[in-house]
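Inspection log for the structure reproduced underneath, given as structure tokens.
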Amino acid sequence: SIFEDRSGNIWIGTYAGGINRIIRDQKRFEVIKNQPGNRNSLSNSTVFSVYEDSNEVLWIGTIGGLNRYDLKTESFSHFVSDPGQPNQLSHNVVRALFEDSRGDFWVGTDRGLNRFDRETGKFILVEGMLDRSESKWGGVIRHICEDNLGQLWIGTQEGACLYNRDSGEFVFYNYQGNRPGTISDDTVRFLYKDSLGLIWVGANSGLNRLDPRTKQFTVFKHDPKNPGSISHASVY
């Protein structure tokens, strides 16, 4: 995970190496890791996601829960899964973080999608998506994106999912072989909205360009006979 905050700091999440902040004027990295026995340190050194919300609070998703980082005190607050308690994080592996245009904050985990109330510290698990995804993939959420129509798109291991926040309904867009206009693979790893409002979908087997208005996918795959094609099938 790589993220630039409003102050121009570059944050880089690593596997087991903590989170790194680039100190640009000194051309060096500041490394922040979990410190065993220190409750104010990062909860885990494997970092999957970094996000700054509209209140300029930095949130960090790890395999050991969600972290809120206070830049002034350089200390962390932790939010972890506790199955015995209500309104807790649904799983400690946090892969995706996103604040939508309504100000709602979403947390994607290895067991479903959570809406997080940052004032009360309560998590609300979106049950419908978990029921659908858990049947095959365990409910893994890899990325979250909002299009220019205000629709929320979720990258899962069972396709790209369009979530209607008002009705609570989901529509999954799944792999359908070589059928024109459909997604290239069910395992969606990344979503990115470009300046034209199109959403680029990185999948296990190809790059997809999604038009949110028509819900049609254009697929770009590696072709060894075409030097102008994408260099590899898997897009992260």
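Letters A, B, ... mark the chains of the structure tokens in the order given; residue numbers begin at 1 per chain; ligand numbers begin at 1, in order shown.
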Which neighbours of segment 103-110 of chain A fall inside 6 Å, counting only C-alpha atoms, when residues of the same chain fewer than 4 positions from it are skipped, and could you give them as a list in words? His91, Val93, Val94, Arg95, Ala96, Leu97, Phe98, Glu99, Asn114, Arg115, Phe116, Gly139, Val140 and Ile141 of chain A
Export of the given selection (all heavy atoms) as a CSV table (one decimal), in the first residue's frame:
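Result written to again.csv:
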```csv
chain,number,residue,atom,x,y,z
A,91,HIS,N,-13.2,-8.7,11.5
A,91,HIS,CA,-12.0,-9.6,11.4
A,91,HIS,C,-10.7,-8.7,11.5
A,91,HIS,O,-10.8,-7.5,11.2
A,91,HIS,CB,-12.0,-10.2,10.0
A,91,HIS,CG,-11.0,-11.4,9.9
A,91,HIS,ND1,-9.7,-11.2,9.7
A,91,HIS,CD2,-11.3,-12.7,9.9
A,91,HIS,CE1,-9.1,-12.4,9.6
A,91,HIS,NE2,-10.0,-13.3,9.7
A,93,VAL,N,-7.8,-8.9,10.0
A,93,VAL,CA,-7.1,-8.6,8.7
A,93,VAL,C,-7.9,-7.5,8.0
A,93,VAL,O,-9.0,-7.7,7.5
A,93,VAL,CB,-6.9,-9.8,7.9
A,93,VAL,CG1,-6.2,-9.5,6.5
A,93,VAL,CG2,-6.1,-10.9,8.6
A,94,VAL,N,-7.3,-6.3,8.0
A,94,VAL,CA,-7.9,-5.1,7.3
A,94,VAL,C,-7.2,-4.8,6.0
A,94,VAL,O,-6.0,-4.4,6.1
A,94,VAL,CB,-7.9,-3.9,8.3
A,94,VAL,CG1,-8.5,-2.7,7.6
A,94,VAL,CG2,-8.7,-4.2,9.6
A,95,ARG,N,-7.9,-5.0,4.9
A,95,ARG,CA,-7.3,-4.8,3.6
A,95,ARG,C,-7.7,-3.5,2.9
A,95,ARG,O,-6.9,-3.1,2.0
A,95,ARG,CB,-7.6,-6.0,2.7
A,95,ARG,CG,-7.1,-7.3,3.2
A,95,ARG,CD,-7.4,-8.4,2.2
A,95,ARG,NE,-7.0,-9.7,2.7
A,95,ARG,CZ,-5.8,-10.3,2.4
A,95,ARG,NH1,-4.9,-9.6,1.7
A,95,ARG,NH2,-5.5,-11.5,2.9
A,96,ALA,N,-8.8,-3.0,3.2
A,96,ALA,CA,-9.3,-1.8,2.5
A,96,ALA,C,-9.9,-0.8,3.4
A,96,ALA,O,-10.7,-1.1,4.3
A,96,ALA,CB,-10.4,-2.3,1.5
A,97,LEU,N,-9.6,0.5,3.1
A,97,LEU,CA,-10.2,1.6,3.9
A,97,LEU,C,-10.7,2.7,2.9
A,97,LEU,O,-10.0,3.0,1.9
A,97,LEU,CB,-9.1,2.2,4.8
A,97,LEU,CG,-8.5,1.3,5.8
A,97,LEU,CD1,-7.3,2.0,6.5
A,97,LEU,CD2,-9.5,0.9,6.9
A,98,PHE,N,-11.9,3.3,3.2
A,98,PHE,CA,-12.4,4.3,2.3
A,98,PHE,C,-13.4,5.2,3.0
A,98,PHE,O,-14.3,4.6,3.7
A,98,PHE,CB,-13.0,3.6,1.0
A,98,PHE,CG,-13.5,4.6,0.0
A,98,PHE,CD1,-12.6,5.2,-0.8
A,98,PHE,CD2,-14.8,4.9,-0.2
A,98,PHE,CE1,-13.0,6.1,-1.8
A,98,PHE,CE2,-15.3,5.8,-1.1
A,98,PHE,CZ,-14.3,6.4,-1.9
A,99,GLU,N,-13.3,6.5,2.7
A,99,GLU,CA,-14.4,7.4,3.2
A,99,GLU,C,-15.1,7.9,2.0
A,99,GLU,O,-14.5,8.4,1.0
A,99,GLU,CB,-13.8,8.6,3.9
A,99,GLU,CG,-14.8,9.6,4.5
A,99,GLU,CD,-14.2,10.7,5.2
A,99,GLU,OE1,-13.0,11.0,5.0
A,99,GLU,OE2,-14.9,11.4,6.0
A,114,ASN,N,-17.4,-3.5,6.8
A,114,ASN,CA,-17.9,-2.8,8.0
A,114,ASN,C,-18.0,-1.3,7.7
A,114,ASN,O,-17.2,-0.7,7.1
A,114,ASN,CB,-16.8,-2.9,9.1
A,114,ASN,CG,-16.6,-4.4,9.5
A,114,ASN,OD1,-17.0,-4.9,10.5
A,114,ASN,ND2,-15.8,-5.1,8.7
A,115,ARG,N,-19.1,-0.7,8.2
A,115,ARG,CA,-19.2,0.7,8.3
A,115,ARG,C,-18.8,1.1,9.7
A,115,ARG,O,-19.4,0.6,10.7
A,115,ARG,CB,-20.6,1.2,8.0
A,115,ARG,CG,-20.8,2.7,8.0
A,115,ARG,CD,-22.1,3.2,7.3
A,115,ARG,NE,-23.2,2.6,8.0
A,115,ARG,CZ,-23.8,3.1,9.1
A,115,ARG,NH1,-23.3,4.2,9.7
A,115,ARG,NH2,-24.9,2.6,9.6
A,116,PHE,N,-17.8,2.1,9.8
A,116,PHE,CA,-17.2,2.4,11.1
A,116,PHE,C,-17.7,3.8,11.5
A,116,PHE,O,-17.5,4.8,10.8
A,116,PHE,CB,-15.7,2.3,11.0
A,116,PHE,CG,-15.0,2.7,12.2
A,116,PHE,CD1,-15.4,2.3,13.5
A,116,PHE,CD2,-13.8,3.5,12.1
A,116,PHE,CE1,-14.7,2.6,14.6
A,116,PHE,CE2,-13.1,3.8,13.3
A,116,PHE,CZ,-13.5,3.4,14.5
A,139,GLY,N,-15.6,-14.1,2.4
A,139,GLY,CA,-16.0,-12.7,2.6
A,139,GLY,C,-14.8,-11.7,2.5
A,139,GLY,O,-14.8,-10.6,3.1
A,140,VAL,N,-13.7,-12.0,1.8
A,140,VAL,CA,-12.6,-11.2,1.7
A,140,VAL,C,-12.8,-10.0,0.9
A,140,VAL,O,-13.3,-10.1,-0.3
A,140,VAL,CB,-11.4,-12.0,1.1
A,140,VAL,CG1,-10.2,-11.0,0.9
A,140,VAL,CG2,-11.0,-13.1,2.0
A,141,ILE,N,-12.6,-8.8,1.4
A,141,ILE,CA,-12.8,-7.5,0.7
A,141,ILE,C,-11.4,-6.9,0.5
A,141,ILE,O,-10.6,-6.7,1.4
A,141,ILE,CB,-13.6,-6.5,1.6
A,141,ILE,CG1,-14.9,-7.1,2.0
A,141,ILE,CG2,-13.8,-5.2,0.8
A,141,ILE,CD1,-15.9,-7.5,0.9
```
- request: Identify, with DSSP run on backbone atoms, the residues in segment 124-188 of chain A assigned to strand (DSSP E), and express the list as JSON, numbers by chain.
  value: {"A": [124, 125, 141, 142, 143, 144, 145, 146, 152, 153, 154, 155, 156, 159, 160, 161, 162, 163, 170, 171, 172, 173, 188]}
Would you please extract all helix (DSSP H, G or I) residues from segment 48-143 of chain A, as assigned by DSSP on the backbone, and give them as a PyMOL selection string?
chain A and resi 127-134
Hey, can you spit out that residue selection with C-alpha atoms as a JSON list (two decimals), in the first residue's frame?
```json
[["chain", "number", "residue", "atom", "x", "y", "z"],
["A", 127, "GLU", "CA", -24.53, -8.72, 6.54],
["A", 128, "GLY", "CA", -25.84, -9.19, 3.01],
["A", 129, "MET", "CA", -22.45, -9.11, 1.35],
["A", 130, "LEU", "CA", -20.96, -11.49, 3.89],
["A", 131, "ASP", "CA", -23.73, -14.03, 3.25],
["A", 132, "ARG", "CA", -22.99, -14.01, -0.47],
["A", 133, "SER", "CA", -19.19, -14.00, -0.33],
["A", 134, "GLU", "CA", -18.71, -16.31, 2.63]]
```
Q.
Which residues are close to Ile12 of chain A, i.e. within 8 Å by only C-alpha atoms, leaving aside same-chain residues fewer than 3 positions away? Reply as a VMD selection string.
A. chain A and resid 1 to 3 19 to 21 50
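Closest approach to Arg213 of chain A from the set A:Gly112, A:Gly177, A:Gly150, A:Gly168 is made by A:Gly150, with distances taken over only C-alpha atoms.
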The residue from A:Gly65, A:Gly197, A:Gly159, A:Gly206 with the smallest atom-to-atom distance to Ser77 of chain A, counting only C-alpha atoms, is A:Gly65
_Near-Leu89 of chain A list (6 Å; only C-alpha atoms; drop same-chain fewer than 2 positions) as a ChimeraX atom specification_ = /A:80-81,91,123
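Rounded to one decimal, atom CA of Ser49 of chain A and atom CA of Trp11 of chain A lie 9.8 Å from each other.
Remark: for Asn164 of chain A, the closest of the candidate residues A:Gln151, A:Gln176, A:Ser101, A:Ser45 is A:Gln151 (distances computed over only C-alpha atoms).
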Produce a table with one row for each residue of segment 62-180 of chain A that has an atom at most 10 Å from any atom of segment 35-42 of chain A, each row naming the nearest atom pair and its distance in Å at one decimal; use only C-alpha atoms; arrange rows by chain and rising residue number; format as JSON lines.
```
{"residue": "A:Thr62", "atom": "CA", "partner": "A:Leu42", "partner_atom": "CA", "distance": 8.7}
{"residue": "A:Gly64", "atom": "CA", "partner": "A:Leu42", "partner_atom": "CA", "distance": 9.0}
{"residue": "A:Gly65", "atom": "CA", "partner": "A:Leu42", "partner_atom": "CA", "distance": 9.6}
{"residue": "A:Leu66", "atom": "CA", "partner": "A:Leu42", "partner_atom": "CA", "distance": 9.3}
{"residue": "A:Asn67", "atom": "CA", "partner": "A:Leu42", "partner_atom": "CA", "distance": 6.9}
{"residue": "A:Arg68", "atom": "CA", "partner": "A:Leu42", "partner_atom": "CA", "distance": 9.0}
{"residue": "A:Tyr69", "atom": "CA", "partner": "A:Leu42", "partner_atom": "CA", "distance": 8.4}
{"residue": "A:Thr73", "atom": "CA", "partner": "A:Asn40", "partner_atom": "CA", "distance": 9.9}
{"residue": "A:Glu74", "atom": "CA", "partner": "A:Asn40", "partner_atom": "CA", "distance": 8.5}
{"residue": "A:Ser75", "atom": "CA", "partner": "A:Asn40", "partner_atom": "CA", "distance": 5.1}
{"residue": "A:Phe76", "atom": "CA", "partner": "A:Asn40", "partner_atom": "CA", "distance": 5.0}
{"residue": "A:Ser77", "atom": "CA", "partner": "A:Asn40", "partner_atom": "CA", "distance": 6.7}
{"residue": "A:His78", "atom": "CA", "partner": "A:Leu42", "partner_atom": "CA", "distance": 8.1}
```
Please produce a file of the residues just selected, as an mmCIF file, in the first residue's frame, where the atoms kept are N, CA and C atoms.
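Result saved to result_20.cif:
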```
data_model
loop_
_atom_site.group_PDB
_atom_site.id
_atom_site.type_symbol
_atom_site.label_atom_id
_atom_site.label_comp_id
_atom_site.auth_asym_id
_atom_site.auth_seq_id
_atom_site.Cartn_x
_atom_site.Cartn_y
_atom_site.Cartn_z
ATOM 1 N N THR A 62 -3.953 -3.408 9.230
ATOM 2 C CA THR A 62 -2.912 -4.426 9.362
ATOM 3 C C THR A 62 -3.550 -5.806 9.461
ATOM 4 N N GLY A 64 -3.395 -7.277 12.129
ATOM 5 C CA GLY A 64 -3.709 -7.304 13.556
ATOM 6 C C GLY A 64 -4.666 -6.196 13.950
ATOM 7 N N GLY A 65 -5.574 -5.838 13.039
ATOM 8 C CA GLY A 65 -6.597 -4.859 13.354
ATOM 9 C C GLY A 65 -6.387 -3.507 12.684
ATOM 10 N N LEU A 66 -7.298 -2.573 13.014
ATOM 11 C CA LEU A 66 -7.287 -1.213 12.479
ATOM 12 C C LEU A 66 -6.598 -0.287 13.476
ATOM 13 N N ASN A 67 -5.776 0.638 12.952
ATOM 14 C CA ASN A 67 -5.034 1.579 13.788
ATOM 15 C C ASN A 67 -5.381 3.015 13.419
ATOM 16 N N ARG A 68 -5.549 3.857 14.430
ATOM 17 C CA ARG A 68 -5.656 5.305 14.222
ATOM 18 C C ARG A 68 -4.368 5.930 14.731
ATOM 19 N N TYR A 69 -3.700 6.692 13.861
ATOM 20 C CA TYR A 69 -2.386 7.227 14.213
ATOM 21 C C TYR A 69 -2.477 8.718 14.502
ATOM 22 N N THR A 73 1.326 13.075 18.678
ATOM 23 C CA THR A 73 1.907 12.309 19.781
ATOM 24 C C THR A 73 2.649 11.066 19.298
ATOM 25 N N GLU A 74 2.492 10.768 17.990
ATOM 26 C CA GLU A 74 3.102 9.577 17.395
ATOM 27 C C GLU A 74 2.699 8.305 18.137
ATOM 28 N N SER A 75 1.413 8.248 18.490
ATOM 29 C CA SER A 75 0.881 7.072 19.179
ATOM 30 C C SER A 75 -0.323 6.530 18.425
ATOM 31 N N PHE A 76 -0.642 5.256 18.689
ATOM 32 C CA PHE A 76 -1.709 4.568 17.974
ATOM 33 C C PHE A 76 -2.858 4.195 18.914
ATOM 34 N N SER A 77 -4.079 4.241 18.364
ATOM 35 C CA SER A 77 -5.243 3.649 19.011
ATOM 36 C C SER A 77 -5.633 2.441 18.175
ATOM 37 N N HIS A 78 -6.029 1.357 18.841
ATOM 38 C CA HIS A 78 -6.283 0.098 18.135
ATOM 39 C C HIS A 78 -7.765 -0.273 18.157
#
```
